[in-house]
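Novice: Structure file coords08.cif, mmCIF, C-alpha atoms, is pasted below:
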data_run
#
loop_
_atom_site.label_atom_id
_atom_site.label_comp_id
_atom_site.auth_asym_id
_atom_site.auth_seq_id
_atom_site.Cartn_x
_atom_site.Cartn_y
_atom_site.Cartn_z
CA MET A 1 -9.91 -6.61 -23.40
CA ALA A 2 -8.64 -8.56 -20.42
CA GLY A 3 -5.27 -10.18 -20.71
CA ILE A 4 -3.88 -7.95 -23.46
CA LEU A 5 -0.09 -8.01 -23.38
CA VAL A 6 1.88 -5.46 -25.36
CA THR A 7 5.57 -6.08 -25.94
CA ASN A 8 7.89 -3.23 -25.01
CA PRO A 9 8.96 -1.44 -28.19
CA ILE A 10 12.20 -0.26 -26.56
CA ARG A 11 15.10 -2.02 -24.90
CA LEU A 12 16.14 -1.10 -21.37
CA ASP A 13 19.51 0.38 -22.40
CA ASP A 14 17.80 2.51 -25.10
CA LEU A 15 15.26 3.76 -22.55
CA ILE A 16 18.06 4.70 -20.15
CA ARG A 17 19.85 6.62 -22.92
CA LEU A 18 16.61 8.44 -23.76
CA VAL A 19 16.14 9.41 -20.10
CA GLN A 20 19.75 10.63 -19.86
CA GLU A 21 19.22 12.77 -22.97
CA ARG A 22 15.96 14.28 -21.69
CA PHE A 23 17.61 15.11 -18.33
CA ARG A 24 20.86 16.41 -19.89
CA ASP A 25 20.14 19.99 -18.79
CA GLY A 26 18.49 19.00 -15.50
CA PRO A 27 14.99 17.77 -14.71
CA PRO A 28 12.45 18.83 -17.35
CA ASN A 29 9.84 21.25 -16.01
CA GLY A 30 6.39 20.34 -17.32
CA TRP A 31 4.95 23.71 -16.33
CA LEU A 32 7.54 25.57 -18.44
CA LEU A 33 7.43 23.03 -21.28
CA GLY A 34 3.64 23.31 -21.57
CA TRP A 35 2.90 19.65 -20.88
CA ASP A 36 -0.84 18.93 -20.97
CA PRO A 37 -2.02 18.00 -17.45
CA ALA A 38 -5.17 16.41 -18.94
CA ARG A 39 -3.45 14.37 -21.69
CA CYS A 40 -5.34 11.06 -22.23
CA LEU A 41 -7.80 11.85 -19.42
CA ASP A 42 -10.79 11.39 -21.75
CA SER A 43 -9.72 7.93 -22.92
CA VAL A 44 -8.87 6.82 -19.37
CA GLY A 45 -12.24 8.19 -18.23
CA ARG A 46 -14.13 6.24 -20.89
CA ALA A 47 -12.27 3.05 -19.93
CA ALA A 48 -13.02 3.53 -16.24
CA ARG A 49 -16.77 4.14 -16.60
CA PRO A 50 -18.89 4.30 -14.54
CA HIS A 51 -16.18 5.35 -12.07
CA HIS A 52 -14.89 8.91 -11.83
CA VAL A 53 -11.27 9.55 -12.78
CA GLY A 54 -9.59 12.26 -10.74
CA ASN A 55 -6.73 14.23 -12.27
CA THR A 56 -3.99 14.65 -9.65
CA THR A 57 -1.29 15.68 -12.14
CA SER A 58 1.36 18.05 -10.85
CA PHE A 59 4.68 18.80 -12.47
CA ASP A 60 6.24 19.69 -9.12
CA TYR A 61 8.83 16.87 -9.08
CA GLY A 62 6.62 14.94 -11.52
CA PHE A 63 7.25 13.96 -15.12
CA CYS A 64 3.91 12.34 -15.82
CA ASN A 65 0.16 12.64 -15.81
CA GLN A 66 -1.32 11.13 -12.67
CA PHE A 67 -4.92 9.98 -12.58
CA GLU A 68 -6.79 8.15 -9.82
CA VAL A 69 -9.90 5.99 -9.88
CA ALA A 70 -11.44 5.44 -6.43
CA ILE A 71 -13.73 2.47 -5.83
CA GLY A 72 -15.77 2.10 -2.67
CA ALA A 73 -15.06 5.63 -1.49
CA GLY A 74 -17.57 7.40 0.68
CA GLY A 75 -18.55 4.57 3.00
CA ARG A 76 -16.97 3.37 6.20
CA GLY A 77 -15.52 0.32 4.52
CA GLU A 78 -12.59 -0.31 2.33
CA CYS A 79 -11.60 2.03 -0.49
CA TRP A 80 -9.45 0.98 -3.43
CA VAL A 81 -7.61 3.52 -5.60
CA LEU A 82 -6.10 2.73 -8.98
CA THR A 83 -3.28 5.19 -9.68
CA ILE A 84 -2.21 5.71 -13.28
CA HIS A 85 1.07 7.38 -14.33
CA LEU A 86 1.69 8.36 -17.99
CA SER A 87 5.25 9.58 -18.53
CA PHE A 88 6.18 12.61 -20.63
CA VAL A 89 9.83 11.48 -20.75
CA ALA A 90 9.12 8.29 -22.73
CA PRO A 91 5.88 6.62 -23.90
CA THR A 92 5.63 4.52 -20.73
CA PHE A 93 3.01 4.07 -18.05
CA CYS A 94 2.45 2.25 -14.79
CA LEU A 95 -0.61 1.32 -12.76
CA PHE A 96 -0.90 0.36 -9.12
CA TRP A 97 -3.62 -0.22 -6.56
CA THR A 98 -3.71 1.20 -3.04
CA ARG A 99 -6.12 -0.05 -0.39
CA TYR A 100 -7.33 2.47 2.22
CA LYS A 101 -9.36 2.23 5.44
CA SER A 102 -8.34 -1.31 6.15
CA PRO A 103 -6.02 -3.01 8.62
CA ASN A 104 -4.00 -4.07 5.55
CA LYS A 105 -3.86 -0.66 3.83
CA GLY A 106 -1.13 0.20 1.34
CA VAL A 107 0.00 -0.59 -2.20
CA VAL A 108 -1.44 -3.94 -3.28
CA ASN A 109 -0.15 -6.36 -5.92
CA ALA A 110 -2.22 -9.42 -5.02
CA GLY A 111 -5.65 -9.81 -3.49
CA VAL A 112 -7.35 -7.10 -5.53
CA PRO A 113 -11.00 -8.08 -6.08
CA GLU A 114 -11.82 -9.42 -9.55
CA GLY A 115 -14.02 -6.43 -10.43
CA GLN A 116 -11.08 -4.11 -9.88
CA ARG A 117 -8.82 -6.29 -12.05
CA ALA A 118 -11.34 -6.01 -14.89
CA LEU A 119 -11.29 -2.20 -14.54
CA GLU A 120 -7.48 -2.28 -14.52
CA ASP A 121 -7.47 -4.32 -17.75
CA GLU A 122 -9.82 -1.84 -19.46
CA VAL A 123 -7.71 1.15 -18.39
CA ARG A 124 -4.49 -0.62 -19.43
CA ALA A 125 -5.92 -1.38 -22.89
CA ALA A 126 -7.02 2.25 -23.35
CA ILE A 127 -3.57 3.55 -22.44
CA GLN A 128 -1.85 1.06 -24.74
CA ALA A 129 -4.17 2.16 -27.54
CA GLU A 130 -2.79 5.70 -27.01
CA GLY A 131 0.71 4.38 -27.80
CA PHE A 132 2.14 3.83 -24.31
CA PHE A 133 3.86 0.67 -23.07
CA GLU A 134 3.79 -0.56 -19.50
CA LEU A 135 7.10 -0.24 -17.67
CA PRO A 136 8.06 -3.75 -16.50
CA ASP A 137 8.25 -4.08 -12.70
CA GLU A 138 11.86 -5.20 -12.88
CA TRP A 139 12.85 -1.90 -14.57
CA PHE A 140 11.45 0.41 -11.86
CA ASP A 141 14.50 0.39 -9.59
CA VAL A 142 17.17 0.31 -12.31
CA HIS A 143 19.80 2.96 -11.49
CA VAL A 144 20.31 5.74 -14.06
CA ASP A 145 23.78 7.32 -14.15
CA GLY A 146 24.38 10.91 -15.18
CA VAL A 147 20.94 12.22 -14.24
CA ARG A 148 20.39 14.92 -11.64
CA LEU A 149 17.05 15.04 -9.83
CA GLU A 150 15.88 17.63 -7.31
CA LEU A 151 14.90 15.38 -4.41
CA SER A 152 16.92 12.20 -4.93
CA ASP A 153 20.62 11.86 -4.24
CA ALA A 154 22.72 10.67 -7.21
CA ALA A 155 22.87 7.14 -5.76
CA ASP A 156 19.05 7.02 -5.60
CA VAL A 157 18.23 8.04 -9.20
CA THR A 158 16.10 5.25 -10.67
CA LEU A 159 14.20 4.79 -13.92
CA ASN A 160 10.90 5.03 -12.01
CA LYS A 161 11.82 8.43 -10.55
CA CYS A 162 12.97 9.77 -13.93
CA LEU A 163 9.91 8.60 -15.84
CA PHE A 164 7.20 9.36 -13.29
CA CYS A 165 7.91 11.20 -10.03
CA ASP A 166 11.03 12.19 -8.10
CA TYR A 167 10.93 11.57 -4.36
CA ASP A 168 13.46 11.59 -1.53
CA GLY A 169 14.93 8.21 -0.72
#
The structure in this file should be written as structure tokens.
Specialist:
Amino acid sequence: MAGILVTNPIRLDDLIRLVQERFRDGPPNGWLLGWDPARCLDSVGRAARPHHVGNTTSFDYGFCNQFEVAIGAGGRGECWVLTIHLSFVAPTFCLFWTRYKSPNKGVVNAGVPEGQRALEDEVRAAIQAEGFFELPDEWFDVHVDGVRLELSDAADVTLNKCLFCDYDG
């Protein structure tokens, strides 16, 4: 399944309009709206085997499911975590790696070991099979006018924060 590329079924300006509509009355509250905190967990879990997928979903400032797959945890060495966000606002997702317990810890785009990239490709394919498309990196920081978030000032409202998780800054 490696190397599967799915074209975005929505244009950027249409996605922004969708976000503005969904946030018209303020940030949607997943707890009150009955969003499923375990949505797609089974398919992500099958794709990540034999690794465990942790469900860290919270709708406190979040508009997505959040799952984590830890690799190398438990020892004194390096630990890699693949974080998966599946938006409830639009059928979008994002994935990113974080390296822990290393002098070079933090979010990683390059230098991820090949075995982890294969896992990432399997998870990506499973999510795409559920009908989600991957948010292009260049869309993350696109400003969204007319949306009010709880933690971000109006000047700091981005597509990433509206689709996945609001944060200060």
Novice: Using only C-alpha atoms, which residues of region 146-169 of chain A come within 8 Å of region 52-74 of chain A, and what is the closest atom pair for each, with the distance in Å to one decimal? Give it as a Markdown table, sorted by chain and residue number.
Specialist:
| residue | atom | partner | partner_atom | distance |
| --- | --- | --- | --- | --- |
| A:Glu150 | CA | A:Tyr61 | CA | 7.3 |
| A:Leu151 | CA | A:Tyr61 | CA | 7.8 |
| A:Cys162 | CA | A:Phe63 | CA | 7.2 |
| A:Leu163 | CA | A:Phe63 | CA | 6.0 |
| A:Phe164 | CA | A:Phe63 | CA | 5.0 |
| A:Cys165 | CA | A:Gly62 | CA | 4.2 |
| A:Asp166 | CA | A:Tyr61 | CA | 5.3 |
| A:Tyr167 | CA | A:Tyr61 | CA | 7.4 |
Novice: Selection in question (the file shown): the PyMOL selection byres ((chain A and resi 84) around 7). Which residues does it include, as number ranges by chain?
Specialist: A: 66-68, 82-83, 85-86, 94-96
Novice: Could you dump the residues just selected with C-alpha atoms as a PDB file, in the frame of the given file?
Specialist:
ATOM      1  CA  GLN A  66      -1.320  11.130 -12.670  1.00  0.00           C
ATOM      2  CA  PHE A  67      -4.920   9.980 -12.580  1.00  0.00           C
ATOM      3  CA  GLU A  68      -6.790   8.150  -9.820  1.00  0.00           C
ATOM      4  CA  LEU A  82      -6.100   2.730  -8.980  1.00  0.00           C
ATOM      5  CA  THR A  83      -3.280   5.190  -9.680  1.00  0.00           C
ATOM      6  CA  HIS A  85       1.070   7.380 -14.330  1.00  0.00           C
ATOM      7  CA  LEU A  86       1.690   8.360 -17.990  1.00  0.00           C
ATOM      8  CA  CYS A  94       2.450   2.250 -14.790  1.00  0.00           C
ATOM      9  CA  LEU A  95      -0.610   1.320 -12.760  1.00  0.00           C
ATOM     10  CA  PHE A  96      -0.900   0.360  -9.120  1.00  0.00           C
TER      11      PHE A  96
END
Novice: Hey, could you make a per-residue contact list for region 124-164 of chain A against region 23-42 of chain A with 8 Å as the cut-off, showing the nearest pair of atoms and its distance in Å to one decimal, counting all atoms listed in the file, sorted by chain and number, as JSON lines?
Specialist:
{"residue": "A:Ile127", "atom": "CA", "partner": "A:Cys40", "partner_atom": "CA", "distance": 7.7}
{"residue": "A:Glu130", "atom": "CA", "partner": "A:Cys40", "partner_atom": "CA", "distance": 7.6}
{"residue": "A:Val147", "atom": "CA", "partner": "A:Phe23", "partner_atom": "CA", "distance": 6.0}
{"residue": "A:Arg148", "atom": "CA", "partner": "A:Gly26", "partner_atom": "CA", "distance": 5.9}
{"residue": "A:Leu149", "atom": "CA", "partner": "A:Pro27", "partner_atom": "CA", "distance": 6.0}
{"residue": "A:Glu150", "atom": "CA", "partner": "A:Pro27", "partner_atom": "CA", "distance": 7.5}
Novice: Excluding Ser152 (chain A) and residues on its chain fewer than 5 positions from it, collect all residues at most 10 Å away from it, counting only C-alpha atoms, and give them as a ChimeraX atom specification.
Specialist: /A:157-158,161,166-169
Novice: Keeping only C-alpha atoms, write the selected residues as a CSV table (one decimal), in the coordinates of the input.
Specialist:
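Below is the file that was written, again_25.csv:
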chain,number,residue,atom,x,y,z
A,157,VAL,CA,18.2,8.0,-9.2
A,158,THR,CA,16.1,5.2,-10.7
A,161,LYS,CA,11.8,8.4,-10.6
A,166,ASP,CA,11.0,12.2,-8.1
A,167,TYR,CA,10.9,11.6,-4.4
A,168,ASP,CA,13.5,11.6,-1.5
A,169,GLY,CA,14.9,8.2,-0.7
Novice: Which distance in Å separates CA of Arg124 (chain A) and CA of Asp141 (chain A), to one decimal?
Specialist: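 Result for CA of Arg124 (chain A) versus CA of Asp141 (chain A): 21.4 Å, one decimal.
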Novice: Around region 18-21 of chain A, with edges along x, y and z and 6 Å added on all six sides, what centre and edge lengths do you get, in Å to one decimal, as lines of an AutoDock Vina configuration file?
Specialist:
center_x = 17.9
center_y = 10.6
center_z = -21.8
size_x = 15.6
size_y = 16.3
size_z = 15.9
